[in-house]
Amino acid sequence: MKTINNILFLTILLGIIMIACKKEETNSISDLEKLRNTENISVQMDSAQAINAITMQKVQDVLDLSTLYLSGNKNTEIDTAIYSKIEKYFQKSDSVTFQGLFKELESLKVKKVKVSNINVFKSIKDKDTLDYAKFNVEYIGDKNKPIGNFERSAQYTLVSKAKEKNKEFKFYFIKFYSDAPEKDSTSVGVTR
């Protein structure tokens with residue numbers, strides 16, 4: 001009887017081990033197979049949606065790079081590389097280009113920035129058409145503490161690549177956080 005119990009116990013134990021070790025055969029498809037079998041489906045956007053998406057991405061990139069640059073010592077090779085990367089987003093950059101942006105980010109001790117609600121519009125000044133983007137920025141400080149939400153704007157331009165036949169454009173900022181105030185009818189000086 002003892003040997004029958006041992007054989008029965010051993011059979012049950014082997015059955016459990018085999019069930020536990022048995023790999024389930026599922027019809028799961030690997031990520032590589034999914035990539036091989038997917039078709040490229042193009043998403044159609046009109047030009048306004050494309051400009052909104054591009055502008056939002058560029059604004060977020062400039063702000064992310066700026067906070068990264070300001071968190072460093074500003075005198076290392078990495079900081080120099082980050083600064084030169086920021087400069088590539090601007091058509092013409094000099095020492096005053098980033099002054100307003102850097103001053104604001106430093107004074108509020110911003111660590112992260114989230115961009116939302118972008119609105120792209122054109123403004124006609126004299127005979128020139130100027131492209132602007134208004135957007136909301138949420139500043140976040142140390143320990144993910146929100147600092148505040150602010151409405152900001154930037155002027156940008158799209159420069160056509162003459163060599164390309166497929167109408168590609170290069171995106172550049174002209175002014176960032178530094179809108180020229182509109183002149184009002186009050187003259188400068190003492191009024192009585």
# chains A, B, ... in the order shown; residues from 1 in each chain; ligands from 1
>>> residues_around(residues="stretch 137-152 of chain A", least_positions_apart="5", cutoff="12 Å", atoms="only C-alpha atoms", output="ChimeraX atom specification")
/A:56,59-60,63-64,67,71,100-101,104-119,132,175-179
>>> write_last_selection(atoms="C-alpha atoms", output="short mmCIF file (atom, residue, chain, number, x, y, z; two decimals), in the first residue's frame")
data_model
loop_
_atom_site.label_atom_id
_atom_site.label_comp_id
_atom_site.auth_asym_id
_atom_site.auth_seq_id
_atom_site.Cartn_x
_atom_site.Cartn_y
_atom_site.Cartn_z
CA MET A 56 3.84 73.36 -30.56
CA VAL A 59 8.06 75.72 -28.64
CA GLN A 60 8.24 72.70 -26.31
CA LEU A 63 11.60 75.53 -23.52
CA ASP A 64 12.89 72.06 -22.59
CA THR A 67 15.43 74.71 -18.71
CA SER A 71 20.04 73.95 -14.75
CA GLY A 100 13.66 87.53 -21.81
CA LEU A 101 13.14 83.78 -21.83
CA GLU A 104 11.86 84.55 -16.66
CA LEU A 105 12.81 80.89 -16.29
CA GLU A 106 15.64 81.70 -13.87
CA SER A 107 13.65 84.12 -11.73
CA LEU A 108 10.83 81.60 -11.26
CA LYS A 109 13.29 78.69 -10.80
CA VAL A 110 11.52 76.60 -13.44
CA LYS A 111 12.56 72.96 -13.80
CA LYS A 112 9.96 71.75 -16.34
CA VAL A 113 7.60 73.38 -18.82
CA LYS A 114 4.42 72.06 -20.42
CA VAL A 115 3.03 73.80 -23.49
CA SER A 116 -0.68 73.71 -24.33
CA ASN A 117 -3.46 75.53 -26.18
CA ILE A 118 -1.43 76.83 -29.07
CA ASN A 119 -3.05 79.27 -31.46
CA TYR A 132 2.62 84.52 -34.46
CA LYS A 175 11.13 86.46 -31.39
CA PHE A 176 10.41 84.31 -28.38
CA TYR A 177 8.67 85.83 -25.32
CA SER A 178 9.46 89.32 -26.58
CA ASP A 179 6.57 90.86 -28.43
#
>>> atom_distance(atom1="atom CA of A:Tyr83", atom2="atom CA of A:Leu70")
9.6 Å
>>> atom_distance(atom1="atom CA of A:Glu87", atom2="atom CA of A:Asp126")
28.5 Å
>>> residues_around(residues="A:Val159", least_positions_apart="4", cutoff="10 Å", atoms="only C-alpha atoms", output="list in words")
Gln91, Glu168, Phe169, Lys170, Phe171 and Tyr172 of chain A
>>> residues_around(residues="A:Tyr89", least_positions_apart="3", cutoff="8 Å", atoms="only C-alpha atoms", output="CSV table (one decimal) with N, CA and C atoms, in the first residue's frame")
chain,number,residue,atom,x,y,z
A,58,LYS,N,8.1,72.7,-31.6
A,58,LYS,CA,9.2,73.6,-31.6
A,58,LYS,C,9.3,74.4,-30.3
A,62,VAL,N,12.3,74.2,-27.5
A,62,VAL,CA,13.1,75.4,-27.0
A,62,VAL,C,13.0,75.5,-25.5
A,85,LYS,N,22.3,74.2,-29.8
A,85,LYS,CA,21.0,73.6,-30.3
A,85,LYS,C,19.9,74.5,-30.2
A,86,ILE,N,19.8,75.3,-29.1
A,86,ILE,CA,18.7,76.3,-29.0
A,86,ILE,C,18.8,77.3,-30.1
A,171,PHE,N,11.5,75.8,-40.3
A,171,PHE,CA,10.9,76.5,-39.3
A,171,PHE,C,11.9,77.3,-38.4
A,172,TYR,N,11.7,78.6,-38.2
A,172,TYR,CA,12.6,79.4,-37.4
A,172,TYR,C,11.8,80.3,-36.5
A,173,PHE,N,12.2,80.5,-35.3
A,173,PHE,CA,11.6,81.6,-34.5
A,173,PHE,C,12.3,82.9,-34.8
>>> select_by_dssp(residues="stretch 59-175 of chain A", states="strand (DSSP E)", output="ChimeraX atom specification")
/A:112-125,128-140,146-160,169-175
>>> closest_residue(among="A:Leu68, A:Ile54, A:Ile82, A:Ile16", to="A:Ala133", atoms="only C-alpha atoms")
A:Ile54
>>> select_by_dssp(residues="stretch 7-168 of chain A", states="helix (DSSP H, G or I)", output="PyMOL selection string")
chain A and resi 7-21+31-37+47-70+77-87+99-107+142-144
>>> atom_distance(atom1="atom CA of A:Tyr156", atom2="atom CA of A:Leu130")
7.8 Å
>>> closest_residue(among="A:Ser153, A:Thr129, A:Val120, A:Ile17", to="A:Ile51", atoms="only C-alpha atoms")
A:Val120
>>> closest_residue(among="A:Ile174, A:Ala48, A:Leu8, A:Ile78", to="A:Val96", atoms="only C-alpha atoms")
A:Ile174
